[in-house]
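Enquirer: The following block contains the structure, expressed as structure tokens.
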Amino acid sequence: MREKMKDRVVELYQGATPRAHRFRYWLLGFDIVAILFVVVTSFTAYGPWVQGLDLLFGTVILADLAARLWIAPRRWRFLCYPTTLADLVSAASFFAPLAGEGFAFLRILRTLRLLHMFQTKDRLRADFRFFRDNEQLLVAATNLGVFIFVMSGFVFATQHRGSADIGNYADALYFTVTALTTTGFGDITLSGTGGRMISVAIMICGVTLFLRLAQVLFRPSKVRVTCQTCGLFLHDADAVHCKHCGNTINIKTDGQV
């Protein structure tokens, strides 16, 4: 019975059945709802209904972690994954909000991990033509969005008690975007050495991700042309031969690679 149940869990997380695809879509939906919940509740007082939903979200996260740990081939290695540690911190923030509500935004890292899973990406390609045609752009935009959400949450969690300028998550998001774009209006600043280091990290990492998004938008590093021999469908824009099998490929180009 135990092995049969484990096989079902493996099938849900790693399988290619319709039920497995629905389950992973459900996980993506849950992550989006959790993110929206944290954003909305950052503007409200912490009441009984928020506490109840906190416990519900935390329980689902822990159940998900327990299931993935159960089927992991190397459990100690799984526990050391950055996404696993982020989920643990996120679950702790839902169960113990006094530790910092902003750290719940680490939950968005789970969405990034799901989007990068081969099974999920393969299903999205099959189900949505828009994703299939704009995969690089969507992944780059997601990377940038994840960074903005996580850093805004980090700014909110570390600054909202000691800074009058960071009163809610919107203030933290506003500061993160102005720092990332190096606009720097100056109406919201982070005090102390720690605050300055956070600003530096936002500017350096954020600009890098923003430039990557711009590159994908205006000059994609990969083009989608299916090799007729091996099936590889992503190639360098100036490729003449498939790097996997060596077969000649014909990529339409304007000659300005």
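Identifiers in the structure tokens: chain A, B, ... in order shown; residue index from 1 per chain; ligand index from 1 in order shown.
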Which residues are close to Leu79 of chain A, i.e. within 12 Å by only C-alpha atoms, leaving aside same-chain residues fewer than 3 positions away? Reply as a PyMOL selection string.
Expert: chain A and resi 65-66+68-70+72-76+82-88
Enquirer: Write the residues of the selection above to a file with N, CA and C atoms, as a PDB file, in the first residue's frame.
Expert:
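Ended up saving to part_34.pdb:
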ATOM      1  N   LEU A  65       6.008  20.117   0.501  1.00  0.00           N
ATOM      2  CA  LEU A  65       7.404  19.820   0.805  1.00  0.00           C
ATOM      3  C   LEU A  65       7.582  18.375   1.263  1.00  0.00           C
ATOM      4  N   ALA A  66       6.679  17.914   2.116  1.00  0.00           N
ATOM      5  CA  ALA A  66       6.773  16.542   2.620  1.00  0.00           C
ATOM      6  C   ALA A  66       6.636  15.531   1.486  1.00  0.00           C
ATOM      7  N   ARG A  68       7.363  16.025  -1.747  1.00  0.00           N
ATOM      8  CA  ARG A  68       8.563  16.056  -2.589  1.00  0.00           C
ATOM      9  C   ARG A  68       9.758  15.425  -1.889  1.00  0.00           C
ATOM     10  N   LEU A  69       9.844  15.611  -0.558  1.00  0.00           N
ATOM     11  CA  LEU A  69      10.912  14.969   0.193  1.00  0.00           C
ATOM     12  C   LEU A  69      10.763  13.453   0.183  1.00  0.00           C
ATOM     13  N   TRP A  70       9.544  12.973   0.254  1.00  0.00           N
ATOM     14  CA  TRP A  70       9.266  11.534   0.279  1.00  0.00           C
ATOM     15  C   TRP A  70       9.733  10.843  -0.995  1.00  0.00           C
ATOM     16  N   ALA A  72      11.985  12.116  -3.161  1.00  0.00           N
ATOM     17  CA  ALA A  72      13.321  12.530  -3.589  1.00  0.00           C
ATOM     18  C   ALA A  72      14.304  11.364  -3.469  1.00  0.00           C
ATOM     19  N   PRO A  73      15.102  11.105  -4.506  1.00  0.00           N
ATOM     20  CA  PRO A  73      16.069  10.000  -4.431  1.00  0.00           C
ATOM     21  C   PRO A  73      17.180  10.256  -3.418  1.00  0.00           C
ATOM     22  N   ARG A  74      17.561  11.521  -3.250  1.00  0.00           N
ATOM     23  CA  ARG A  74      18.596  11.906  -2.285  1.00  0.00           C
ATOM     24  C   ARG A  74      17.999  12.973  -1.375  1.00  0.00           C
ATOM     25  N   ARG A  75      17.492  12.530  -0.256  1.00  0.00           N
ATOM     26  CA  ARG A  75      16.700  13.434   0.577  1.00  0.00           C
ATOM     27  C   ARG A  75      17.535  14.529   1.224  1.00  0.00           C
ATOM     28  N   TRP A  76      18.714  14.216   1.702  1.00  0.00           N
ATOM     29  CA  TRP A  76      19.539  15.246   2.332  1.00  0.00           C
ATOM     30  C   TRP A  76      19.950  16.307   1.315  1.00  0.00           C
ATOM     31  N   PRO A  82      18.209  25.443  -2.724  1.00  0.00           N
ATOM     32  CA  PRO A  82      17.750  26.803  -2.374  1.00  0.00           C
ATOM     33  C   PRO A  82      16.228  26.935  -2.385  1.00  0.00           C
ATOM     34  N   THR A  83      15.562  26.283  -3.355  1.00  0.00           N
ATOM     35  CA  THR A  83      14.103  26.382  -3.412  1.00  0.00           C
ATOM     36  C   THR A  83      13.452  25.694  -2.222  1.00  0.00           C
ATOM     37  N   THR A  84      14.054  24.599  -1.743  1.00  0.00           N
ATOM     38  CA  THR A  84      13.521  23.921  -0.561  1.00  0.00           C
ATOM     39  C   THR A  84      13.662  24.811   0.668  1.00  0.00           C
ATOM     40  N   LEU A  85      14.839  25.420   0.824  1.00  0.00           N
ATOM     41  CA  LEU A  85      15.065  26.315   1.959  1.00  0.00           C
ATOM     42  C   LEU A  85      14.130  27.520   1.886  1.00  0.00           C
ATOM     43  N   ALA A  86      13.889  28.036   0.666  1.00  0.00           N
ATOM     44  CA  ALA A  86      12.970  29.167   0.512  1.00  0.00           C
ATOM     45  C   ALA A  86      11.555  28.770   0.918  1.00  0.00           C
ATOM     46  N   ASP A  87      11.136  27.566   0.542  1.00  0.00           N
ATOM     47  CA  ASP A  87       9.805  27.100   0.931  1.00  0.00           C
ATOM     48  C   ASP A  87       9.694  26.928   2.439  1.00  0.00           C
ATOM     49  N   LEU A  88      10.757  26.454   3.073  1.00  0.00           N
ATOM     50  CA  LEU A  88      10.744  26.294   4.527  1.00  0.00           C
ATOM     51  C   LEU A  88      10.607  27.647   5.229  1.00  0.00           C
TER      52      LEU A  88
END
Enquirer: Quick check for you: according to DSSP on this backbone, which residues of segment 17-222 of chain A are classed as helix (DSSP H, G or I)? Reply as a PyMOL selection string.
Expert: chain A and resi 18-41+48-71+75-79+82-95+97-99+101-116+118-127+129-133+135-159+169-180+192-218
Enquirer: Just how far from atom CA of Gly153 of chain A is atom CA of Ile35 of chain A, in Å to one decimal?
Expert: 10.5 Å
Enquirer: From the list A:Thr208, A:Asn250, A:Thr59, A:Thr178, which residue is nearest Gln228 of chain A when using only C-alpha atoms?
Expert: A:Asn250
Enquirer: Determine, counting only C-alpha atoms, which protein, DNA and RNA residues have an atom within 8 Å of an atom of Ala34 of chain A; residues of the same chain fewer than 3 positions away are not included. Present the result as a ChimeraX atom specification.
Expert: /A:30-31,37-38,57,107
Enquirer: One decimal, Å: what's the distance from atom CA of Cys230 of chain A over to atom CA of Arg132 of chain A, could you say?
Expert: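 Atom CA of Arg132 of chain A lies 18.8 Å from atom CA of Cys230 of chain A.
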Enquirer: Looking at only C-alpha atoms, which of A:Phe210, A:Phe78, A:Phe149, A:Tyr169 is the one that sits closest to Leu137 of chain A?
Expert: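 Nearest to Leu137 of chain A: A:Phe210.
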